[in-house]
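Asks: So that you have it, the file is coords_33.pdb, and it contains PDB, C-alpha atoms:
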ATOM      1  CA  MET A 225      71.376 -54.425   3.868
ATOM      2  CA  HIS A 226      69.882 -53.509   0.514
ATOM      3  CA  ASP A 227      70.112 -56.015  -2.321
ATOM      4  CA  ASP A 228      72.359 -53.726  -4.370
ATOM      5  CA  ASP A 229      74.789 -53.373  -1.428
ATOM      6  CA  SER A 230      75.282 -57.118  -1.095
ATOM      7  CA  PRO A 231      78.405 -58.911  -2.379
ATOM      8  CA  SER A 232      76.281 -60.573  -5.107
ATOM      9  CA  ALA A 233      75.528 -57.106  -6.523
ATOM     10  CA  LEU A 234      79.149 -56.482  -7.452
ATOM     11  CA  ALA A 235      80.028 -55.890 -11.082
ATOM     12  CA  PRO A 236      82.567 -58.244 -12.713
ATOM     13  CA  GLY A 237      85.475 -55.915 -11.847
ATOM     14  CA  GLY A 238      84.632 -55.848  -8.138
ATOM     15  CA  SER A 239      82.723 -52.521  -8.148
ATOM     16  CA  ARG A 240      79.001 -52.357  -7.692
ATOM     17  CA  PRO A 241      76.868 -51.516 -10.800
ATOM     18  CA  LEU A 242      75.441 -48.017 -11.111
ATOM     19  CA  ASN A 243      71.725 -47.409 -11.006
ATOM     20  CA  LEU A 244      69.863 -45.085 -13.378
ATOM     21  CA  ARG A 245      69.781 -42.207 -10.876
ATOM     22  CA  GLN A 246      73.544 -42.263 -10.455
ATOM     23  CA  ILE A 247      74.045 -42.336 -14.218
ATOM     24  CA  GLU A 248      71.631 -39.421 -14.568
ATOM     25  CA  VAL A 249      73.515 -37.344 -11.975
ATOM     26  CA  PHE A 250      76.883 -38.184 -13.525
ATOM     27  CA  ARG A 251      75.653 -37.087 -16.951
ATOM     28  CA  ALA A 252      74.226 -33.836 -15.554
ATOM     29  CA  ILE A 253      77.567 -32.982 -13.919
ATOM     30  CA  MET A 254      79.442 -33.720 -17.134
ATOM     31  CA  MET A 255      77.064 -31.546 -19.161
ATOM     32  CA  SER A 256      76.916 -28.618 -16.734
ATOM     33  CA  GLY A 257      80.493 -28.782 -15.407
ATOM     34  CA  SER A 258      79.516 -28.244 -11.775
ATOM     35  CA  ILE A 259      77.506 -29.598  -8.868
ATOM     36  CA  SER A 260      75.285 -26.517  -8.805
ATOM     37  CA  GLY A 261      74.601 -26.721 -12.552
ATOM     38  CA  ALA A 262      73.689 -30.386 -12.271
ATOM     39  CA  GLY A 263      71.296 -29.554  -9.435
ATOM     40  CA  ARG A 264      69.555 -26.955 -11.587
ATOM     41  CA  MET A 265      69.269 -29.397 -14.489
ATOM     42  CA  LEU A 266      67.750 -32.096 -12.297
ATOM     43  CA  HIS A 267      65.753 -29.717 -10.067
ATOM     44  CA  VAL A 268      67.397 -31.018  -6.883
ATOM     45  CA  SER A 269      69.647 -29.470  -4.253
ATOM     46  CA  GLN A 270      73.447 -29.297  -4.475
ATOM     47  CA  PRO A 271      73.914 -31.503  -1.366
ATOM     48  CA  ALA A 272      71.711 -34.174  -2.971
ATOM     49  CA  VAL A 273      73.890 -34.158  -6.103
ATOM     50  CA  SER A 274      77.057 -34.284  -4.012
ATOM     51  CA  ARG A 275      75.771 -37.289  -2.040
ATOM     52  CA  VAL A 276      74.903 -39.220  -5.200
ATOM     53  CA  LEU A 277      78.277 -38.422  -6.753
ATOM     54  CA  ALA A 278      80.114 -39.545  -3.626
ATOM     55  CA  LEU A 279      78.180 -42.821  -3.554
ATOM     56  CA  THR A 280      78.844 -43.329  -7.254
ATOM     57  CA  GLU A 281      82.585 -42.928  -6.873
ATOM     58  CA  SER A 282      82.524 -45.177  -3.812
ATOM     59  CA  ARG A 283      80.780 -47.897  -5.770
ATOM     60  CA  LEU A 284      83.138 -47.593  -8.703
ATOM     61  CA  GLY A 285      86.227 -47.541  -6.546
ATOM     62  CA  TYR A 286      87.807 -44.611  -8.368
ATOM     63  CA  ALA A 287      87.261 -40.854  -8.740
ATOM     64  CA  LEU A 288      85.246 -39.429 -11.600
ATOM     65  CA  PHE A 289      86.244 -35.781 -11.031
ATOM     66  CA  GLU A 290      89.226 -33.913  -9.690
ATOM     67  CA  ARG A 291      88.296 -31.028  -7.407
ATOM     68  CA  THR A 292      90.233 -27.880  -8.299
ATOM     69  CA  ARG A 293      88.966 -24.821  -6.444
ATOM     70  CA  SER A 294      85.297 -24.470  -7.489
ATOM     71  CA  ARG A 295      85.587 -26.600 -10.609
ATOM     72  CA  LEU A 296      85.171 -30.285 -11.316
ATOM     73  CA  VAL A 297      87.567 -31.694 -13.900
ATOM     74  CA  PRO A 298      86.536 -35.068 -15.382
ATOM     75  CA  THR A 299      89.085 -37.822 -15.039
ATOM     76  CA  PRO A 300      90.019 -39.936 -18.089
ATOM     77  CA  GLU A 301      87.773 -42.662 -16.688
ATOM     78  CA  ALA A 302      84.855 -40.210 -16.498
ATOM     79  CA  ARG A 303      85.369 -39.102 -20.098
ATOM     80  CA  ARG A 304      85.410 -42.710 -21.256
ATOM     81  CA  LEU A 305      82.305 -43.511 -19.212
ATOM     82  CA  TYR A 306      80.520 -40.400 -20.500
ATOM     83  CA  GLY A 307      80.855 -41.567 -24.101
ATOM     84  CA  GLU A 308      78.963 -44.753 -23.255
ATOM     85  CA  VAL A 309      76.352 -42.857 -21.233
ATOM     86  CA  GLU A 310      75.604 -40.555 -24.167
ATOM     87  CA  GLN A 311      75.016 -43.548 -26.415
ATOM     88  CA  VAL A 312      72.514 -44.868 -23.897
ATOM     89  CA  TYR A 313      70.759 -41.503 -23.706
ATOM     90  CA  GLY A 314      70.676 -41.328 -27.499
ATOM     91  CA  GLY A 315      68.819 -44.650 -27.501
ATOM     92  CA  ILE A 316      66.412 -43.365 -24.844
ATOM     93  CA  GLN A 317      65.722 -40.272 -26.945
ATOM     94  CA  ARG A 318      64.951 -42.452 -29.968
ATOM     95  CA  VAL A 319      62.553 -44.492 -27.832
ATOM     96  CA  ASN A 320      60.843 -41.300 -26.636
ATOM     97  CA  ASP A 321      60.634 -39.958 -30.182
ATOM     98  CA  LEU A 322      59.068 -43.200 -31.393
ATOM     99  CA  ALA A 323      56.616 -43.249 -28.468
ATOM    100  CA  ALA A 324      55.555 -39.673 -29.256
ATOM    101  CA  SER A 325      55.233 -40.506 -32.948
ATOM    102  CA  LEU A 326      53.023 -43.522 -32.219
ATOM    103  CA  ALA A 327      50.808 -41.407 -29.972
ATOM    104  CA  ARG A 328      50.534 -38.754 -32.698
ATOM    105  CA  ASP A 329      50.379 -40.854 -35.858
ATOM    106  CA  GLY A 330      49.710 -44.427 -34.791
ATOM    107  CA  ALA A 331      51.564 -47.434 -36.149
ATOM    108  CA  GLY A 332      51.299 -47.160 -39.927
ATOM    109  CA  MET A 333      48.073 -46.859 -41.871
ATOM    110  CA  LEU A 334      44.604 -47.398 -40.401
ATOM    111  CA  ARG A 335      42.423 -49.540 -42.653
ATOM    112  CA  VAL A 336      38.718 -48.821 -42.283
ATOM    113  CA  VAL A 337      35.846 -50.581 -44.045
ATOM    114  CA  SER A 338      32.149 -49.879 -43.754
ATOM    115  CA  SER A 339      28.778 -50.222 -45.378
ATOM    116  CA  ALA A 340      28.350 -47.589 -48.078
ATOM    117  CA  THR A 341      25.645 -45.853 -46.076
ATOM    118  CA  PHE A 342      28.071 -44.985 -43.249
ATOM    119  CA  GLY A 343      30.657 -43.776 -45.744
ATOM    120  CA  GLN A 344      28.417 -40.821 -46.652
ATOM    121  CA  ARG A 345      28.678 -38.867 -43.396
ATOM    122  CA  LEU A 346      29.462 -40.946 -40.306
ATOM    123  CA  VAL A 347      32.884 -42.288 -41.350
ATOM    124  CA  PRO A 348      34.266 -39.039 -42.830
ATOM    125  CA  GLN A 349      33.056 -36.958 -39.890
ATOM    126  CA  ALA A 350      34.544 -39.436 -37.405
ATOM    127  CA  LEU A 351      37.825 -39.440 -39.339
ATOM    128  CA  LEU A 352      37.841 -35.646 -39.348
ATOM    129  CA  ARG A 353      37.415 -35.625 -35.581
ATOM    130  CA  MET A 354      40.110 -38.268 -35.111
ATOM    131  CA  ARG A 355      42.593 -36.474 -37.374
ATOM    132  CA  ARG A 356      42.354 -33.300 -35.299
ATOM    133  CA  ARG A 357      44.226 -35.355 -32.704
ATOM    134  CA  ASN A 358      46.327 -37.347 -35.199
ATOM    135  CA  GLU A 359      46.989 -34.908 -38.034
ATOM    136  CA  ARG A 360      49.607 -37.048 -39.753
ATOM    137  CA  SER A 361      47.631 -40.289 -39.603
ATOM    138  CA  ARG A 362      47.121 -42.188 -42.846
ATOM    139  CA  ILE A 363      43.778 -43.806 -43.659
ATOM    140  CA  ASP A 364      42.762 -46.433 -46.190
ATOM    141  CA  TYR A 365      38.954 -46.464 -46.434
ATOM    142  CA  ARG A 366      36.877 -48.880 -48.474
ATOM    143  CA  SER A 367      33.148 -49.215 -48.913
ATOM    144  CA  VAL A 368      32.158 -52.886 -48.810
ATOM    145  CA  THR A 369      28.983 -54.927 -48.857
ATOM    146  CA  TYR A 370      27.926 -56.961 -45.853
ATOM    147  CA  ASP A 371      28.905 -60.181 -47.644
ATOM    148  CA  GLU A 372      32.428 -58.846 -48.263
ATOM    149  CA  LEU A 373      33.008 -57.554 -44.736
ATOM    150  CA  ALA A 374      34.382 -60.691 -43.054
ATOM    151  CA  GLY A 375      36.778 -61.397 -45.916
ATOM    152  CA  TYR A 376      38.531 -58.058 -45.481
ATOM    153  CA  PHE A 377      39.382 -58.880 -41.870
ATOM    154  CA  LEU A 378      40.335 -62.497 -42.479
ATOM    155  CA  THR A 379      42.775 -61.496 -45.221
ATOM    156  CA  GLY A 380      44.323 -58.715 -43.143
ATOM    157  CA  ARG A 381      42.956 -55.869 -45.271
ATOM    158  CA  ALA A 382      40.949 -54.160 -42.504
ATOM    159  CA  ASP A 383      41.583 -53.023 -38.923
ATOM    160  CA  VAL A 384      38.093 -51.809 -37.992
ATOM    161  CA  GLY A 385      34.724 -51.828 -39.729
ATOM    162  CA  LEU A 386      31.220 -50.423 -39.378
ATOM    163  CA  SER A 387      28.088 -52.210 -40.537
ATOM    164  CA  MET A 388      24.392 -52.564 -39.806
ATOM    165  CA  SER A 389      24.775 -56.230 -38.839
ATOM    166  CA  PRO A 390      27.727 -57.992 -37.195
ATOM    167  CA  PRO A 391      29.470 -60.569 -39.392
ATOM    168  CA  GLN A 392      29.288 -64.058 -37.937
ATOM    169  CA  HIS A 393      32.758 -65.574 -37.652
ATOM    170  CA  PRO A 394      34.665 -67.051 -34.677
ATOM    171  CA  ASN A 395      37.737 -64.915 -35.410
ATOM    172  CA  LEU A 396      35.788 -61.644 -35.455
ATOM    173  CA  SER A 397      34.356 -59.604 -32.585
ATOM    174  CA  SER A 398      31.629 -56.995 -32.928
ATOM    175  CA  THR A 399      30.325 -54.325 -30.567
ATOM    176  CA  LEU A 400      27.040 -52.452 -30.851
ATOM    177  CA  LEU A 401      27.832 -48.718 -30.904
ATOM    178  CA  GLY A 402      24.303 -47.363 -31.241
ATOM    179  CA  THR A 403      21.247 -47.030 -33.422
ATOM    180  CA  VAL A 404      20.192 -44.633 -36.162
ATOM    181  CA  PRO A 405      16.580 -43.759 -37.074
ATOM    182  CA  ILE A 406      15.154 -44.715 -40.437
ATOM    183  CA  VAL A 407      13.420 -41.943 -42.379
ATOM    184  CA  CYS A 408      11.417 -41.765 -45.564
ATOM    185  CA  LEU A 409      12.857 -39.894 -48.543
ATOM    186  CA  ALA A 410      10.455 -38.756 -51.236
ATOM    187  CA  PRO A 411      10.989 -36.767 -54.433
ATOM    188  CA  ARG A 412       9.793 -33.184 -54.435
ATOM    189  CA  GLY A 413       6.095 -33.098 -55.322
ATOM    190  CA  HIS A 414       5.500 -36.774 -54.492
ATOM    191  CA  GLU A 415       2.299 -37.716 -52.663
ATOM    192  CA  LEU A 416       4.200 -38.801 -49.537
ATOM    193  CA  ALA A 417       5.866 -35.388 -49.393
ATOM    194  CA  GLY A 418       2.532 -34.040 -48.146
ATOM    195  CA  HIS A 419       2.536 -36.356 -45.122
ATOM    196  CA  GLU A 420       3.918 -35.119 -41.830
ATOM    197  CA  VAL A 421       4.588 -38.737 -40.804
ATOM    198  CA  VAL A 422       4.844 -41.756 -43.100
ATOM    199  CA  HIS A 423       3.206 -45.044 -42.054
ATOM    200  CA  ALA A 424       3.649 -48.595 -43.287
ATOM    201  CA  GLY A 425       0.224 -48.448 -44.929
ATOM    202  CA  ASP A 426       1.406 -45.594 -47.167
ATOM    203  CA  PHE A 427       3.469 -48.161 -49.080
ATOM    204  CA  SER A 428       0.515 -50.491 -49.770
ATOM    205  CA  CYS A 429       0.099 -49.232 -53.314
ATOM    206  CA  ALA A 430       2.856 -46.669 -53.887
ATOM    207  CA  GLN A 431       5.680 -47.275 -56.314
ATOM    208  CA  TRP A 432       8.624 -47.313 -53.965
ATOM    209  CA  ILE A 433      12.281 -48.314 -53.736
ATOM    210  CA  GLY A 434      13.097 -51.209 -51.440
ATOM    211  CA  TYR A 435      15.700 -53.835 -50.632
ATOM    212  CA  PRO A 436      16.055 -57.609 -51.115
ATOM    213  CA  PRO A 437      14.840 -59.643 -48.114
ATOM    214  CA  ASP A 438      18.332 -60.783 -47.031
ATOM    215  CA  THR A 439      19.857 -57.303 -46.690
ATOM    216  CA  PRO A 440      20.456 -55.668 -43.271
ATOM    217  CA  LEU A 441      18.152 -52.713 -44.020
ATOM    218  CA  SER A 442      15.351 -55.000 -45.155
ATOM    219  CA  ARG A 443      15.616 -56.899 -41.867
ATOM    220  CA  ALA A 444      15.598 -53.610 -39.944
ATOM    221  CA  LEU A 445      12.358 -52.621 -41.704
ATOM    222  CA  ALA A 446      10.509 -55.841 -40.790
ATOM    223  CA  PRO A 447       9.107 -54.404 -37.513
ATOM    224  CA  PHE A 448       7.968 -51.275 -39.361
ATOM    225  CA  PHE A 449       6.001 -53.321 -41.896
ATOM    226  CA  GLY A 450       4.889 -55.886 -39.340
ATOM    227  CA  GLY A 451       6.677 -58.552 -41.362
ATOM    228  CA  GLU A 452       6.679 -58.023 -45.111
ATOM    229  CA  PRO A 453       5.334 -54.908 -46.890
ATOM    230  CA  ALA A 454       1.829 -55.204 -48.302
ATOM    231  CA  CYS A 455       3.122 -54.064 -51.674
ATOM    232  CA  ALA A 456       6.466 -55.240 -53.057
ATOM    233  CA  PRO A 457       8.839 -52.440 -54.065
ATOM    234  CA  ALA A 458       8.864 -51.474 -57.716
ATOM    235  CA  VAL A 459      12.661 -51.213 -57.629
ATOM    236  CA  GLU A 460      15.052 -53.152 -55.401
ATOM    237  CA  VAL A 461      18.539 -51.877 -54.582
ATOM    238  CA  HIS A 462      21.239 -53.309 -52.350
ATOM    239  CA  SER A 463      22.350 -50.097 -50.661
ATOM    240  CA  PRO A 464      20.553 -47.094 -49.170
ATOM    241  CA  VAL A 465      23.140 -44.937 -50.954
ATOM    242  CA  THR A 466      21.726 -46.174 -54.256
ATOM    243  CA  ALA A 467      18.207 -45.675 -52.929
ATOM    244  CA  CYS A 468      19.011 -42.029 -52.213
ATOM    245  CA  ALA A 469      20.267 -41.533 -55.754
ATOM    246  CA  PHE A 470      17.116 -43.121 -57.179
ATOM    247  CA  VAL A 471      14.870 -40.914 -55.028
ATOM    248  CA  LEU A 472      16.787 -37.871 -56.229
ATOM    249  CA  GLN A 473      16.089 -38.923 -59.828
ATOM    250  CA  GLY A 474      12.342 -39.174 -59.116
ATOM    251  CA  LEU A 475      11.929 -42.979 -59.174
ATOM    252  CA  GLY A 476       9.885 -42.931 -55.968
ATOM    253  CA  PRO A 477      10.194 -42.833 -52.171
ATOM    254  CA  ALA A 478      12.588 -44.967 -50.131
ATOM    255  CA  LEU A 479      13.292 -45.796 -46.513
ATOM    256  CA  VAL A 480      16.903 -45.093 -45.529
ATOM    257  CA  ASP A 481      18.946 -44.550 -42.380
ATOM    258  CA  ARG A 482      19.428 -40.919 -41.357
ATOM    259  CA  TRP A 483      23.237 -41.033 -41.602
ATOM    260  CA  CYS A 484      22.876 -41.776 -45.296
ATOM    261  CA  VAL A 485      21.264 -38.406 -46.007
ATOM    262  CA  THR A 486      23.903 -35.800 -46.782
ATOM    263  CA  PRO A 487      23.175 -32.061 -46.424
ATOM    264  CA  GLU A 488      23.414 -31.737 -50.214
ATOM    265  CA  LEU A 489      20.782 -34.439 -50.732
ATOM    266  CA  ALA A 490      18.519 -33.025 -48.013
ATOM    267  CA  GLY A 491      18.159 -29.815 -49.997
ATOM    268  CA  HIS A 492      16.625 -31.636 -52.993
ATOM    269  CA  VAL A 493      14.284 -34.253 -51.476
ATOM    270  CA  GLU A 494      11.611 -34.433 -48.803
ATOM    271  CA  ILE A 495      12.482 -36.126 -45.499
ATOM    272  CA  ARG A 496       9.765 -37.488 -43.230
ATOM    273  CA  PRO A 497       9.826 -39.520 -40.004
ATOM    274  CA  VAL A 498       8.177 -42.936 -39.993
ATOM    275  CA  GLU A 499       5.612 -44.444 -37.635
ATOM    276  CA  PRO A 500       6.091 -46.848 -35.955
ATOM    277  CA  PRO A 501       9.710 -45.758 -35.491
ATOM    278  CA  ALA A 502      12.355 -47.947 -37.117
ATOM    279  CA  HIS A 503      16.088 -48.014 -36.563
ATOM    280  CA  VAL A 504      19.254 -49.568 -37.922
ATOM    281  CA  GLN A 505      22.071 -50.682 -35.675
ATOM    282  CA  ILE A 506      25.698 -49.633 -36.006
ATOM    283  CA  TRP A 507      28.188 -52.396 -35.240
ATOM    284  CA  ALA A 508      31.951 -52.030 -34.927
ATOM    285  CA  THR A 509      33.919 -55.100 -35.997
ATOM    286  CA  HIS A 510      37.556 -56.116 -35.594
ATOM    287  CA  THR A 511      39.568 -59.311 -35.533
ATOM    288  CA  ASN A 512      39.971 -60.983 -32.163
ATOM    289  CA  LEU A 513      43.333 -62.461 -33.188
ATOM    290  CA  ALA A 514      45.150 -59.176 -32.462
ATOM    291  CA  PRO A 515      44.477 -55.985 -30.453
ATOM    292  CA  ILE A 516      42.841 -53.025 -32.191
ATOM    293  CA  PRO A 517      45.595 -50.546 -33.176
ATOM    294  CA  LEU A 518      45.730 -47.186 -31.402
ATOM    295  CA  LEU A 519      44.317 -45.297 -34.398
ATOM    296  CA  GLY A 520      41.514 -47.841 -34.628
ATOM    297  CA  ARG A 521      40.560 -47.266 -31.005
ATOM    298  CA  ARG A 522      40.619 -43.513 -31.524
ATOM    299  CA  PHE A 523      38.492 -43.851 -34.656
ATOM    300  CA  LEU A 524      35.863 -45.866 -32.782
ATOM    301  CA  GLU A 525      35.948 -43.308 -29.952
ATOM    302  CA  ALA A 526      35.220 -40.620 -32.536
ATOM    303  CA  VAL A 527      32.341 -42.659 -33.973
ATOM    304  CA  SER A 528      30.855 -43.104 -30.502
ATOM    305  CA  GLN A 529      31.168 -39.357 -29.886
ATOM    306  CA  MET A 530      29.421 -38.641 -33.192
ATOM    307  CA  LEU A 531      26.538 -40.922 -32.237
ATOM    308  CA  ALA A 532      26.306 -39.386 -28.763
ATOM    309  CA  ASP A 533      26.207 -35.884 -30.243
TER     310      ASP A 533
END
How does the structure come out when it is put into structure tokens?

Replies:
Amino acid sequence: MHDDDSPSALAPGGSRPLNLRQIEVFRAIMMSGSISGAGRMLHVSQPAVSRVLALTESRLGYALFERTRSRLVPTPEARRLYGEVEQVYGGIQRVNDLAASLARDGAGMLRVVSSATFGQRLVPQALLRMRRRNERSRIDYRSVTYDELAGYFLTGRADVGLSMSPPQHPNLSSTLLGTVPIVCLAPRGHELAGHEVVHAGDFSCAQWIGYPPDTPLSRALAPFFGGEPACAPAVEVHSPVTACAFVLQGLGPALVDRWCVTPELAGHVEIRPVEPPAHVQIWATHTNLAPIPLLGRRFLEAVSQMLAD
């Protein structure tokens, strides 16, 4: 004996409760007005519908339809029951609508933070790719310094972030997504513009634009210089985005990550590879106190695809 056929499965009035399949068949008959119409709606045979209806009426202990020739006429009990069934199906439709909306738009606004360098090309291109799948998604993007990064997550102002170094905090988790090569930018006509490859020794006496020792890009350049550069930079900036602007204005060459160089900038400066090769890392950060929202996961998927491409 099945569990739902046992005496303990009886509803309070003595009849056994209906399962979802029986409710579905009952609704289809009410909507279509016939056994054959219900079968077409549910993509099952007429005998299968008839069997379910017979079992349903047996469980309830009363008829739901009166058989008159080829028609089924709902009984007063069926009409009363149908009103409740439609309310249930209305709730199911709202659930389905919400589920589809969350898949399309995500839950609310996605808050993204990143180092300024990744806000030049990587973040907007990844967002463009993500929004092809989630056209109605809403994004709040902010460019932050490395020192500010952890605070945005700990105060609930960020869902995901990109940076060159992972912030160190027990409530934050970071994943290495990939690396980006460092290149040398030089103003048009500068001495380094004549080099096919730029070496660390080329900065031994040149007036160049660098970074303070405690910045992520300065740490990434340590292997390139074999420690510290032989000649201190004439100008120090805290972001490769600023370094790019200074190169464009003719202040001297700079070493920046490749994602920082926009197509517009590339048309006005000289870009050279460096030897030995140097790279910056790209870290994705999120709080480990809550799951990454759906839009956040899709954004990071888009970033990973951009790096793979």

Asks: Centre and edge lengths, as JSON, for the axis-aligned box enclosing every listed atom of range 340-343 of chain A with 8 Å of padding on each of the six sides, in Å to one decimal?

Replies:
{"center_x": 28.2, "center_y": -45.7, "center_z": -45.7, "size_x": 21.0, "size_y": 19.8, "size_z": 20.8}

Asks: Can you work out the spacing between CA of Gly418 in chain A and CA of Thr341 in chain A in Å, to one decimal?

Replies: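 Answer for the CA of Gly418 in chain A to CA of Thr341 in chain A separation: 26.0 Å.
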
Asks: Taking only C-alpha atoms into account, which of A:Pro394, A:Pro348, A:Pro405, A:Pro500 comes nearest Val527 in chain A?

Replies: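 Checking each of A:Pro394, A:Pro348, A:Pro405, A:Pro500 against Val527 in chain A, counting only C-alpha atoms, the winner is A:Pro348.
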
Asks: Residues at most 10 Å from range 467-484 of chain A, counting only C-alpha atoms, excluding those fewer than 2 positions away in the same chain, as number ranges by chain?

Replies: A: 340-347, 403-417, 422, 427, 430-435, 441-442, 444-445, 457-465, 486-487, 489-490, 492-498, 502-505, 531

Asks: With C-alpha atoms kept, could you save the residues just selected as a compact mmCIF listing (two decimals), in the frame of the given file?

Replies:
# COMPACT_ATOMS: atom_id res chain seq x y z
CA ALA A 340 28.35 -47.59 -48.08
CA THR A 341 25.64 -45.85 -46.08
CA PHE A 342 28.07 -44.98 -43.25
CA GLY A 343 30.66 -43.78 -45.74
CA GLN A 344 28.42 -40.82 -46.65
CA ARG A 345 28.68 -38.87 -43.40
CA LEU A 346 29.46 -40.95 -40.31
CA VAL A 347 32.88 -42.29 -41.35
CA THR A 403 21.25 -47.03 -33.42
CA VAL A 404 20.19 -44.63 -36.16
CA PRO A 405 16.58 -43.76 -37.07
CA ILE A 406 15.15 -44.72 -40.44
CA VAL A 407 13.42 -41.94 -42.38
CA CYS A 408 11.42 -41.76 -45.56
CA LEU A 409 12.86 -39.89 -48.54
CA ALA A 410 10.46 -38.76 -51.24
CA PRO A 411 10.99 -36.77 -54.43
CA ARG A 412 9.79 -33.18 -54.44
CA GLY A 413 6.10 -33.10 -55.32
CA HIS A 414 5.50 -36.77 -54.49
CA GLU A 415 2.30 -37.72 -52.66
CA LEU A 416 4.20 -38.80 -49.54
CA ALA A 417 5.87 -35.39 -49.39
CA VAL A 422 4.84 -41.76 -43.10
CA PHE A 427 3.47 -48.16 -49.08
CA ALA A 430 2.86 -46.67 -53.89
CA GLN A 431 5.68 -47.28 -56.31
CA TRP A 432 8.62 -47.31 -53.96
CA ILE A 433 12.28 -48.31 -53.74
CA GLY A 434 13.10 -51.21 -51.44
CA TYR A 435 15.70 -53.84 -50.63
CA LEU A 441 18.15 -52.71 -44.02
CA SER A 442 15.35 -55.00 -45.16
CA ALA A 444 15.60 -53.61 -39.94
CA LEU A 445 12.36 -52.62 -41.70
CA PRO A 457 8.84 -52.44 -54.06
CA ALA A 458 8.86 -51.47 -57.72
CA VAL A 459 12.66 -51.21 -57.63
CA GLU A 460 15.05 -53.15 -55.40
CA VAL A 461 18.54 -51.88 -54.58
CA HIS A 462 21.24 -53.31 -52.35
CA SER A 463 22.35 -50.10 -50.66
CA PRO A 464 20.55 -47.09 -49.17
CA VAL A 465 23.14 -44.94 -50.95
CA THR A 486 23.90 -35.80 -46.78
CA PRO A 487 23.18 -32.06 -46.42
CA LEU A 489 20.78 -34.44 -50.73
CA ALA A 490 18.52 -33.02 -48.01
CA HIS A 492 16.62 -31.64 -52.99
CA VAL A 493 14.28 -34.25 -51.48
CA GLU A 494 11.61 -34.43 -48.80
CA ILE A 495 12.48 -36.13 -45.50
CA ARG A 496 9.76 -37.49 -43.23
CA PRO A 497 9.83 -39.52 -40.00
CA VAL A 498 8.18 -42.94 -39.99
CA ALA A 502 12.36 -47.95 -37.12
CA HIS A 503 16.09 -48.01 -36.56
CA VAL A 504 19.25 -49.57 -37.92
CA GLN A 505 22.07 -50.68 -35.67
CA LEU A 531 26.54 -40.92 -32.24

Asks: Do you have the CA of Phe449 in chain A-CA of Asp371 in chain A distance handy?

Replies: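 Taking CA of Phe449 in chain A and CA of Asp371 in chain A, their separation equals 24.6 Å.
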